[in-house]
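Q: Starting off with a structure, shown below.
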Amino acid sequence: MKQKALKIWNPGMECMDREQMRDLQSARLRETVRRVYDNVPMYRARMDEKGVKPEDIRTVDDLRYLPFTDKPDLREYFPFGLLAVPKDRIVRIQGSSGTTGMPIVAGYTAKDVETWTEMVARGVTAAGGGPEDVVQVCYGYGLFTGGLGLHQGATKVGAMVVPMSSGNTKRQIAMMKSLGVTMFGCTPSYAMHIGETIRDMGMDLKDFRLKSAVLGAEPWSENIRTRIEELLDIDALDIYGLTEIAGPGVATECLFKNGMHVNEDNVIVEIVNPETLEPLPYGEKGELVFSTITKEGMPLLRYRTHDLSRLNPEKCECGRTNVRMERIMGRTDDMLIIRGVNVFPSQIETVLTNIEGCEPHFMLTVERTGTTDSMEIQVEVNDRIFGDTVGHLEQFRRRIREEMKSALGLSAEIKLVEAKSLPRFEGKARRVVDNRKL
Ligand code: DLL
């Protein structure tokens with residue numbers, strides 16, 4: 001931890017006794033269930049189908065009787081079919097294109113925007129931010145929630161906000177330097193690119209005032225955190241969220257970097273077994289499921305995120321009592337099945353970041369010839385390795401191949417490529433190309 005200040009934006013909500021929080025959640029859940037039953041035909045039909053009436057839901061424990069919601073529901077009822085308020089109360093639309101094309105949108109009332117802003121303000125504060133800070137927003141502005149989300153939260157804490165949006169890396173860096181930016185937010189892959197660019201331009205970090213960054217919108221690992229922190233001499237903190245629930249700020253990490261604090265006064269989080277959908281106890285790995293309990297515009301019950309994580313209810317060293325979720329370990333639908341073996345792109349990243357000489361940039365291509373799948377991983381290596389003799393290079397390639405095989409249980413063709421030759425990403429990274437027609 002590079003900073004000492006441990007401020008808490010809303011101690012009343014962030015450090016509440018857990019029993020009291022449960023009572024608050026139960027009351028808000030009862031109210032939400034009643035409201036969606038009365039106003040959202042899809043929920044009324046689904047609850048009727050399951051034989052559940054709003055009055056059957058009394059506490060958080062009764063959540064298990066409620067139906068799940070999933071992304072296809074949002075597509076089916078696109079754009080306004082899941083609103084629980086008249087359309088004229090909606091003041092904002094945010095959306096996400098997702099990786100599979102069809103967009104989804106979510107409508108927010110003025111109060112929803114305020115709640116979301118409060119959640120991000122908690123996260124910015126947890127990252128050490130306050131009125132004395134200069135926060136550069138390098139998330140994209142637009143339908144994507146990253147830009148506006150961080151903008152609103154940082155404004156709320158009184159920081160000076162620099163609304164750059166993503167892209168144009170050299171200009172981002174010039175602004176950071178000349179404005180004395182202390183904090184910024186973007187995807188972890190873009191943070192790494194910013195860090196590498198500063199290094200490659202031969203700039204001195206002493207000319208910057210950077211202290212921390214709130215990074216999210218895509219999975220990353222502890223190894224990547226370490227790289228970013230070293231490249232930029234900052235605290236790199238995780239921030240999680242999704243358009244359907246609020247945007248960034250559903251959960252945010254504090255300077256102890258030991259899981260993200262879930263804003264439990266606004267959402268109830270569950271972990272379920274992704275196959276059976278049975279709720280799992282604290283500590284077990286499974287799919288995150290969120291129910292909104294303060295949202296007016298588009299409240300969602302038991303929304304399946306397809307993100308994998310684990311929950312920890314213990315009080316954090318920072319004093320916050322809200323349940324913490326571990327960094328996202330992957331998505332159920334990120335998982336590739338190659339020759340019957342489950343492969344997560346995050347496993348590849350972990351292997352590479354543990355090998356000295358490999359850069360954490362790769363591109364995975366999956367092909368199918370006849371009925372056989374094959375996988376090629378292009379791996380960036382640093383200049384020292386790349387300039388080595390052919391024999392050494394081949395030895396290095398074989399070593400990666402072996403380590404990959406032991407980690408994935410599957411062999412992959414490894415192709416070494418020069419540093420900086422693979423694409424860099426300003427938003428969410430896309431490192432998998434699946435050419436199989438499944
Ligand atoms: O990515 C919201 C966001 C913006 C979060 C900026 C953090 C910072 P969507 O575009 O709807 O919303 O994508 C949501 O992104 O289900 C996860 O799979 C992934 N994701 C978001 N934050 C993280 C994170 C925004 N910290 C989807 N770690 C989610 C890993 C994340 N994955």
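By convention here, the chains of the structure tokens are called A, B, ... in the order presented, each chain's residues are numbered starting at 1, and ligands are numbered starting at 1 in the order presented.
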Would you return as a list in words the members of range 201-289 of chain A that DSSP assigns to alpha helix (DSSP H) on this structure's backbone?

A: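 Those residues are Glu222, Asn223, Ile224, Arg225, Thr226, Arg227, Ile228, Glu229, Glu230, Leu231 and Leu232 of chain A.
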
Q: Ligand 1: which residues are within 7 Å, counting only C-alpha atoms and all ligand atoms? Reply as a PyMOL selection string.

A: chain A and resi 95-96+98+139+144-146+186-187+215-220+238-244+247-249+305-307+327-328+331

Q: Would you mind listing what lies within 10 Å of range 277-280 of chain A as a compact mmCIF listing (two decimals) with N, CA, C and O atoms, in the first residue's frame, with only C-alpha atoms counted and same-chain residues fewer than 3 positions away left out?

A:
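And here is the file that came out, selection_10.txt:
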# COMPACT_ATOMS: atom_id res chain seq x y z
N LEU A 63 -34.78 -15.61 -0.81
CA LEU A 63 -34.35 -15.32 -2.19
C LEU A 63 -34.41 -16.55 -3.07
O LEU A 63 -34.75 -16.48 -4.25
N ARG A 64 -34.04 -17.70 -2.49
CA ARG A 64 -33.95 -18.93 -3.27
C ARG A 64 -35.27 -19.32 -3.93
O ARG A 64 -35.27 -20.14 -4.84
N PHE A 68 -34.69 -16.68 -11.52
CA PHE A 68 -33.47 -16.03 -11.99
C PHE A 68 -33.80 -15.12 -13.18
O PHE A 68 -34.84 -15.28 -13.83
N GLU A 270 -25.31 -13.32 -4.29
CA GLU A 270 -25.28 -14.75 -3.99
C GLU A 270 -24.21 -15.39 -4.86
O GLU A 270 -23.88 -14.86 -5.91
N ILE A 271 -23.74 -16.56 -4.43
CA ILE A 271 -22.90 -17.39 -5.29
C ILE A 271 -23.68 -18.66 -5.51
O ILE A 271 -24.17 -19.28 -4.56
N VAL A 272 -23.85 -19.04 -6.78
CA VAL A 272 -24.58 -20.27 -7.06
C VAL A 272 -23.73 -21.21 -7.91
O VAL A 272 -22.81 -20.77 -8.60
N ASN A 273 -24.05 -22.46 -7.82
CA ASN A 273 -23.42 -23.44 -8.70
C ASN A 273 -23.95 -23.18 -10.12
O ASN A 273 -25.16 -23.21 -10.34
N PRO A 274 -23.07 -22.89 -11.08
CA PRO A 274 -23.55 -22.46 -12.40
C PRO A 274 -24.35 -23.55 -13.14
O PRO A 274 -25.10 -23.23 -14.06
N GLY A 283 -17.33 -18.64 0.67
CA GLY A 283 -16.03 -19.31 0.52
C GLY A 283 -15.97 -20.24 -0.67
O GLY A 283 -14.90 -20.60 -1.12
N GLU A 284 -17.15 -20.64 -1.18
CA GLU A 284 -17.10 -21.55 -2.33
C GLU A 284 -17.14 -20.79 -3.63
O GLU A 284 -17.78 -19.75 -3.75
N LYS A 285 -16.45 -21.37 -4.61
CA LYS A 285 -16.37 -20.71 -5.91
C LYS A 285 -17.61 -21.01 -6.73
O LYS A 285 -18.07 -22.15 -6.78
N GLY A 286 -18.16 -20.01 -7.37
CA GLY A 286 -19.33 -20.22 -8.22
C GLY A 286 -19.68 -18.95 -8.96
O GLY A 286 -18.88 -18.01 -9.03
N GLU A 287 -20.90 -18.93 -9.49
CA GLU A 287 -21.33 -17.78 -10.30
C GLU A 287 -21.96 -16.70 -9.41
O GLU A 287 -22.78 -16.99 -8.55
N LEU A 288 -21.58 -15.47 -9.67
CA LEU A 288 -22.16 -14.34 -8.93
C LEU A 288 -23.56 -14.05 -9.45
O LEU A 288 -23.78 -13.99 -10.67
N VAL A 289 -24.48 -13.85 -8.51
CA VAL A 289 -25.86 -13.52 -8.86
C VAL A 289 -26.26 -12.30 -8.03
O VAL A 289 -26.03 -12.28 -6.82
N ARG A 304 -28.14 -13.36 -13.24
CA ARG A 304 -26.97 -14.22 -13.43
C ARG A 304 -25.89 -13.46 -14.19
O ARG A 304 -26.11 -13.03 -15.32
N ARG A 310 -15.79 -15.75 -5.43
CA ARG A 310 -16.00 -16.35 -4.11
C ARG A 310 -16.30 -15.21 -3.16
O ARG A 310 -15.80 -14.10 -3.37
N LEU A 311 -17.08 -15.45 -2.13
CA LEU A 311 -17.43 -14.38 -1.19
C LEU A 311 -16.77 -14.59 0.17
O LEU A 311 -16.64 -15.73 0.62

Q: Skip range 341-356 of chain A itself and residues of its chain fewer than 2 positions away, then list as JSON, numbers by chain all residues within 10 Å of it, counting only C-alpha atoms.

A: {"A": [219, 220, 221, 222, 223, 224, 227, 328, 329, 330, 331, 332, 333, 334, 335, 336, 337, 338, 339, 358, 359, 360, 361, 362, 363, 364, 377, 379, 380, 381, 382, 385, 396, 399, 400, 403, 404, 405, 406, 407, 408, 409, 410, 431, 432]}

Q: Dump N, CA and C atoms for the selected residues as a compact mmCIF listing (two decimals), in the first residue's frame?

A:
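After the write, out_13.txt holds the following:
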# COMPACT_ATOMS: atom_id res chain seq x y z
N PRO A 219 -11.51 -9.13 -16.70
CA PRO A 219 -10.74 -9.89 -15.71
C PRO A 219 -9.25 -9.56 -15.77
N TRP A 220 -8.59 -9.58 -14.65
CA TRP A 220 -7.13 -9.44 -14.58
C TRP A 220 -6.64 -10.25 -13.42
N SER A 221 -5.30 -10.32 -13.27
CA SER A 221 -4.75 -11.22 -12.25
C SER A 221 -3.86 -10.44 -11.29
N GLU A 222 -3.44 -11.12 -10.22
CA GLU A 222 -2.52 -10.50 -9.26
C GLU A 222 -1.21 -10.15 -9.96
N ASN A 223 -0.76 -11.03 -10.86
CA ASN A 223 0.50 -10.75 -11.56
C ASN A 223 0.42 -9.48 -12.39
N ILE A 224 -0.74 -9.28 -13.01
CA ILE A 224 -0.91 -8.06 -13.82
C ILE A 224 -0.96 -6.85 -12.89
N ARG A 227 2.52 -5.90 -12.11
CA ARG A 227 3.18 -5.23 -13.25
C ARG A 227 2.75 -3.78 -13.37
N ILE A 328 -12.56 -11.48 -10.12
CA ILE A 328 -13.27 -12.41 -11.02
C ILE A 328 -12.27 -13.42 -11.58
N MET A 329 -12.63 -14.69 -11.43
CA MET A 329 -11.70 -15.74 -11.86
C MET A 329 -11.96 -16.17 -13.29
N GLY A 330 -12.92 -15.57 -13.94
CA GLY A 330 -13.25 -15.95 -15.32
C GLY A 330 -14.75 -15.91 -15.46
N ARG A 331 -15.20 -16.15 -16.66
CA ARG A 331 -16.64 -16.17 -16.91
C ARG A 331 -17.03 -17.56 -17.36
N THR A 332 -18.23 -17.96 -17.01
CA THR A 332 -18.64 -19.30 -17.43
C THR A 332 -18.66 -19.36 -18.95
N ASP A 333 -18.97 -18.23 -19.61
CA ASP A 333 -19.04 -18.29 -21.07
C ASP A 333 -17.74 -17.87 -21.77
N ASP A 334 -16.70 -17.57 -20.98
CA ASP A 334 -15.35 -17.32 -21.52
C ASP A 334 -14.65 -18.63 -21.75
N MET A 335 -15.22 -19.62 -21.08
CA MET A 335 -14.55 -20.91 -21.07
C MET A 335 -14.62 -21.53 -22.47
N LEU A 336 -13.47 -21.93 -22.96
CA LEU A 336 -13.45 -22.59 -24.26
C LEU A 336 -13.36 -24.09 -23.99
N ILE A 337 -14.04 -24.86 -24.78
CA ILE A 337 -13.86 -26.31 -24.63
C ILE A 337 -13.08 -26.77 -25.85
N ILE A 338 -11.84 -27.14 -25.60
CA ILE A 338 -10.97 -27.53 -26.71
C ILE A 338 -10.58 -28.99 -26.51
N ARG A 339 -10.89 -29.79 -27.47
CA ARG A 339 -10.70 -31.25 -27.36
C ARG A 339 -11.20 -31.76 -26.01
N CYS A 358 8.59 -13.36 -20.88
CA CYS A 358 7.32 -13.25 -21.61
C CYS A 358 6.65 -11.95 -21.22
N GLU A 359 6.03 -11.32 -22.17
CA GLU A 359 5.21 -10.15 -21.87
C GLU A 359 3.79 -10.67 -21.64
N PRO A 360 2.98 -9.97 -20.86
CA PRO A 360 1.62 -10.50 -20.60
C PRO A 360 0.65 -10.23 -21.74
N HIS A 361 1.16 -10.23 -22.97
CA HIS A 361 0.30 -9.99 -24.13
C HIS A 361 0.29 -11.26 -24.98
N PHE A 362 -0.90 -11.76 -25.25
CA PHE A 362 -0.99 -12.97 -26.06
C PHE A 362 -2.25 -12.92 -26.92
N MET A 363 -2.31 -13.82 -27.88
CA MET A 363 -3.50 -13.93 -28.71
C MET A 363 -3.72 -15.43 -28.94
N LEU A 364 -4.90 -15.87 -28.59
CA LEU A 364 -5.20 -17.30 -28.71
C LEU A 364 -6.12 -17.52 -29.91
N ILE A 377 -1.09 -20.20 -29.64
CA ILE A 377 -0.98 -19.03 -28.78
C ILE A 377 0.21 -18.19 -29.25
N VAL A 379 2.69 -15.38 -28.44
CA VAL A 379 3.17 -14.83 -27.18
C VAL A 379 4.22 -13.77 -27.46
N GLU A 380 4.05 -12.61 -26.85
CA GLU A 380 5.08 -11.58 -26.99
C GLU A 380 6.22 -11.87 -26.04
N VAL A 381 7.45 -11.78 -26.55
CA VAL A 381 8.60 -11.94 -25.65
C VAL A 381 9.42 -10.66 -25.69
N ASN A 382 10.19 -10.43 -24.64
CA ASN A 382 10.92 -9.16 -24.61
C ASN A 382 12.10 -9.18 -25.57
N ILE A 385 15.08 -11.72 -25.21
CA ILE A 385 14.80 -13.09 -25.64
C ILE A 385 14.71 -13.13 -27.16
N PHE A 396 13.27 -21.79 -25.51
CA PHE A 396 12.32 -20.97 -24.73
C PHE A 396 10.88 -21.28 -25.15
N ARG A 399 9.80 -24.48 -23.68
CA ARG A 399 9.51 -24.36 -22.25
C ARG A 399 8.09 -23.81 -22.04
N ILE A 400 7.73 -22.81 -22.82
CA ILE A 400 6.38 -22.25 -22.68
C ILE A 400 5.36 -23.34 -23.03
N GLU A 403 5.04 -25.71 -20.10
CA GLU A 403 4.34 -25.14 -18.95
C GLU A 403 2.85 -24.95 -19.26
N MET A 404 2.58 -24.60 -20.50
CA MET A 404 1.19 -24.41 -20.91
C MET A 404 0.47 -25.76 -20.83
N LYS A 405 1.16 -26.80 -21.29
CA LYS A 405 0.55 -28.12 -21.30
C LYS A 405 0.26 -28.58 -19.87
N SER A 406 1.20 -28.32 -18.98
CA SER A 406 0.93 -28.81 -17.62
C SER A 406 -0.16 -27.97 -16.95
N ALA A 407 -0.28 -26.69 -17.29
CA ALA A 407 -1.33 -25.86 -16.66
C ALA A 407 -2.70 -26.12 -17.27
N LEU A 408 -2.74 -26.32 -18.59
CA LEU A 408 -4.05 -26.45 -19.25
C LEU A 408 -4.48 -27.91 -19.45
N GLY A 409 -3.48 -28.80 -19.40
CA GLY A 409 -3.79 -30.20 -19.68
C GLY A 409 -4.02 -30.43 -21.17
N LEU A 410 -3.36 -29.63 -21.98
CA LEU A 410 -3.65 -29.63 -23.41
C LEU A 410 -2.46 -29.01 -24.13
N ARG A 431 -8.63 -11.21 -26.57
CA ARG A 431 -7.43 -11.99 -26.86
C ARG A 431 -7.73 -13.38 -27.39
N VAL A 432 -8.98 -13.65 -27.71
CA VAL A 432 -9.33 -14.99 -28.18
C VAL A 432 -10.02 -14.89 -29.54

Q: What are the DSSP strand (DSSP E) residues of range 401-436 of chain A, as an MDAnalysis selection string?

A: chainID A and resid 413:418 432:434

Q: Store the residues picked out above, limited to N, CA and C atoms, as a short mmCIF file (atom, residue, chain, number, x, y, z; two decimals), in the first residue's frame.

A:
data_model
loop_
_atom_site.label_atom_id
_atom_site.label_comp_id
_atom_site.auth_asym_id
_atom_site.auth_seq_id
_atom_site.Cartn_x
_atom_site.Cartn_y
_atom_site.Cartn_z
N GLU A 413 0.13 -24.94 -29.89
CA GLU A 413 1.24 -24.44 -30.71
C GLU A 413 1.63 -23.08 -30.14
N ILE A 414 2.88 -22.88 -29.88
CA ILE A 414 3.30 -21.57 -29.35
C ILE A 414 4.09 -20.83 -30.43
N LYS A 415 3.71 -19.61 -30.67
CA LYS A 415 4.44 -18.81 -31.65
C LYS A 415 4.97 -17.57 -30.92
N LEU A 416 6.29 -17.40 -30.94
CA LEU A 416 6.86 -16.24 -30.25
C LEU A 416 6.84 -15.04 -31.19
N VAL A 417 6.39 -13.94 -30.69
CA VAL A 417 6.39 -12.73 -31.52
C VAL A 417 7.09 -11.60 -30.78
N GLU A 418 7.51 -10.62 -31.55
CA GLU A 418 8.27 -9.50 -31.00
C GLU A 418 7.45 -8.66 -30.01
N VAL A 432 -8.98 -13.65 -27.71
CA VAL A 432 -9.33 -14.99 -28.18
C VAL A 432 -10.02 -14.89 -29.54
N VAL A 433 -9.53 -15.67 -30.49
CA VAL A 433 -10.21 -15.75 -31.79
C VAL A 433 -10.60 -17.22 -31.97
N ASP A 434 -11.88 -17.47 -31.98
CA ASP A 434 -12.34 -18.86 -32.11
C ASP A 434 -12.90 -19.03 -33.52
#

Q: Find the spatial neighbours of Ala159 in chain A, counting only C-alpha atoms, within a cut-off of 12 Å - ignore same-chain residues fewer than 5 positions away - and output them as a ChimeraX atom specification.

A: /A:121,124-125,128-137,150-154,181-184

Q: Write out, as a compact mmCIF listing (two decimals), in the first residue's frame, the residues just selected, with all heavy atoms.

A:
# COMPACT_ATOMS: atom_id res chain seq x y z
N ALA A 121 -18.56 6.72 -5.69
CA ALA A 121 -17.89 7.63 -4.73
C ALA A 121 -17.25 6.82 -3.60
O ALA A 121 -16.14 7.12 -3.15
CB ALA A 121 -18.90 8.64 -4.18
N VAL A 124 -14.05 5.36 -5.10
CA VAL A 124 -12.98 6.36 -5.30
C VAL A 124 -12.36 6.69 -3.95
O VAL A 124 -11.14 6.78 -3.80
CB VAL A 124 -13.55 7.63 -6.00
CG1 VAL A 124 -12.51 8.73 -6.04
CG2 VAL A 124 -14.04 7.30 -7.41
N THR A 125 -13.22 6.83 -2.92
CA THR A 125 -12.71 7.12 -1.57
C THR A 125 -11.86 5.95 -1.07
O THR A 125 -10.78 6.16 -0.50
CB THR A 125 -13.89 7.37 -0.59
OG1 THR A 125 -14.76 8.34 -1.18
CG2 THR A 125 -13.40 7.86 0.76
N GLY A 128 -8.43 5.98 -2.00
CA GLY A 128 -7.65 7.10 -1.48
C GLY A 128 -8.02 8.45 -2.06
O GLY A 128 -7.30 9.43 -1.89
N GLY A 129 -9.15 8.51 -2.77
CA GLY A 129 -9.52 9.75 -3.46
C GLY A 129 -10.34 10.71 -2.62
O GLY A 129 -11.12 10.29 -1.75
N GLY A 130 -10.18 12.01 -2.89
CA GLY A 130 -10.94 13.05 -2.19
C GLY A 130 -10.85 14.35 -2.96
O GLY A 130 -10.36 14.36 -4.10
N PRO A 131 -11.29 15.44 -2.33
CA PRO A 131 -11.34 16.74 -3.04
C PRO A 131 -9.97 17.21 -3.55
O PRO A 131 -9.89 17.94 -4.53
CB PRO A 131 -11.85 17.70 -1.96
CG PRO A 131 -12.46 16.86 -0.90
CD PRO A 131 -11.81 15.52 -0.97
N GLU A 132 -8.91 16.78 -2.90
CA GLU A 132 -7.58 17.25 -3.32
C GLU A 132 -7.06 16.48 -4.55
O GLU A 132 -6.01 16.80 -5.09
CB GLU A 132 -6.59 17.14 -2.14
CG GLU A 132 -6.28 15.75 -1.63
CD GLU A 132 -7.44 15.05 -0.89
OE1 GLU A 132 -8.50 15.67 -0.58
OE2 GLU A 132 -7.29 13.84 -0.64
N ASP A 133 -7.82 15.49 -5.00
CA ASP A 133 -7.31 14.66 -6.10
C ASP A 133 -7.70 15.16 -7.48
O ASP A 133 -8.70 15.85 -7.65
CB ASP A 133 -7.81 13.22 -5.92
CG ASP A 133 -6.99 12.50 -4.87
OD1 ASP A 133 -5.83 12.19 -5.18
OD2 ASP A 133 -7.48 12.32 -3.74
N VAL A 134 -6.89 14.77 -8.46
CA VAL A 134 -7.19 15.04 -9.86
C VAL A 134 -7.37 13.67 -10.52
O VAL A 134 -6.46 12.85 -10.53
CB VAL A 134 -6.03 15.80 -10.55
CG1 VAL A 134 -6.42 16.17 -11.98
CG2 VAL A 134 -5.66 17.05 -9.75
N VAL A 135 -8.60 13.41 -10.98
CA VAL A 135 -8.93 12.06 -11.47
C VAL A 135 -9.13 12.09 -12.98
O VAL A 135 -10.01 12.78 -13.49
CB VAL A 135 -10.22 11.54 -10.78
CG1 VAL A 135 -10.58 10.15 -11.32
CG2 VAL A 135 -10.06 11.49 -9.26
N GLN A 136 -8.32 11.34 -13.68
CA GLN A 136 -8.46 11.26 -15.14
C GLN A 136 -9.29 10.03 -15.49
O GLN A 136 -8.98 8.91 -15.08
CB GLN A 136 -7.08 11.18 -15.79
CG GLN A 136 -7.14 11.25 -17.29
CD GLN A 136 -5.83 11.80 -17.87
OE1 GLN A 136 -5.27 12.77 -17.35
NE2 GLN A 136 -5.34 11.19 -18.92
N VAL A 137 -10.36 10.28 -16.23
CA VAL A 137 -11.24 9.17 -16.61
C VAL A 137 -10.83 8.72 -18.01
O VAL A 137 -11.05 9.41 -18.99
CB VAL A 137 -12.72 9.60 -16.59
CG1 VAL A 137 -13.62 8.42 -16.94
CG2 VAL A 137 -13.10 10.18 -15.22
N LEU A 150 -17.40 6.59 -13.58
CA LEU A 150 -16.29 7.12 -12.79
C LEU A 150 -16.37 8.65 -12.71
O LEU A 150 -16.06 9.25 -11.68
CB LEU A 150 -14.95 6.66 -13.38
CG LEU A 150 -13.72 7.13 -12.60
CD1 LEU A 150 -13.74 6.64 -11.14
CD2 LEU A 150 -12.42 6.65 -13.26
N HIS A 151 -16.80 9.25 -13.80
CA HIS A 151 -16.94 10.71 -13.84
C HIS A 151 -17.86 11.19 -12.70
O HIS A 151 -17.51 12.08 -11.92
CB HIS A 151 -17.53 11.12 -15.20
CG HIS A 151 -17.65 12.59 -15.40
ND1 HIS A 151 -16.87 13.28 -16.30
CD2 HIS A 151 -18.45 13.51 -14.80
CE1 HIS A 151 -17.18 14.56 -16.24
NE2 HIS A 151 -18.14 14.72 -15.34
N GLN A 152 -19.02 10.55 -12.61
CA GLN A 152 -20.00 10.95 -11.59
C GLN A 152 -19.46 10.72 -10.18
O GLN A 152 -19.60 11.58 -9.30
CB GLN A 152 -21.28 10.14 -11.77
CG GLN A 152 -22.03 10.47 -13.04
CD GLN A 152 -23.04 9.39 -13.46
OE1 GLN A 152 -23.73 9.57 -14.44
NE2 GLN A 152 -23.12 8.28 -12.75
N GLY A 153 -18.86 9.56 -9.96
CA GLY A 153 -18.38 9.21 -8.62
C GLY A 153 -17.24 10.12 -8.17
O GLY A 153 -17.20 10.57 -7.02
N ALA A 154 -16.33 10.41 -9.10
CA ALA A 154 -15.18 11.25 -8.75
C ALA A 154 -15.64 12.69 -8.52
O ALA A 154 -15.13 13.39 -7.64
CB ALA A 154 -14.12 11.18 -9.86
N VAL A 181 -2.18 14.75 -12.46
CA VAL A 181 -3.23 13.75 -12.18
C VAL A 181 -2.74 12.79 -11.09
O VAL A 181 -1.61 12.30 -11.14
CB VAL A 181 -3.60 13.00 -13.48
CG1 VAL A 181 -4.44 11.77 -13.20
CG2 VAL A 181 -4.32 13.95 -14.43
N THR A 182 -3.60 12.56 -10.10
CA THR A 182 -3.21 11.67 -9.00
C THR A 182 -3.85 10.29 -9.12
O THR A 182 -3.35 9.32 -8.59
CB THR A 182 -3.62 12.26 -7.63
OG1 THR A 182 -5.04 12.53 -7.67
CG2 THR A 182 -2.87 13.54 -7.33
N MET A 183 -5.01 10.23 -9.81
CA MET A 183 -5.70 8.95 -9.93
C MET A 183 -6.27 8.83 -11.34
O MET A 183 -6.58 9.84 -11.96
CB MET A 183 -6.88 8.87 -8.95
CG MET A 183 -6.48 8.99 -7.51
SD MET A 183 -7.92 9.08 -6.43
CE MET A 183 -8.54 7.42 -6.50
N PHE A 184 -6.43 7.62 -11.80
CA PHE A 184 -7.11 7.45 -13.09
C PHE A 184 -7.86 6.13 -13.08
O PHE A 184 -7.68 5.28 -12.20
CB PHE A 184 -6.12 7.54 -14.27
CG PHE A 184 -5.15 6.40 -14.36
CD1 PHE A 184 -5.39 5.33 -15.22
CD2 PHE A 184 -4.00 6.37 -13.58
CE1 PHE A 184 -4.49 4.27 -15.32
CE2 PHE A 184 -3.10 5.31 -13.67
CZ PHE A 184 -3.34 4.26 -14.53

Q: Of the candidates A:Arg46, A:Lys87, A:Lys211, A:Arg92, which shows the shortest atom-to-atom distance to Gln3 in chain A, using only C-alpha atoms?

A: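 When distances to Gln3 in chain A are compared using only C-alpha atoms, the smallest one comes from A:Lys211.
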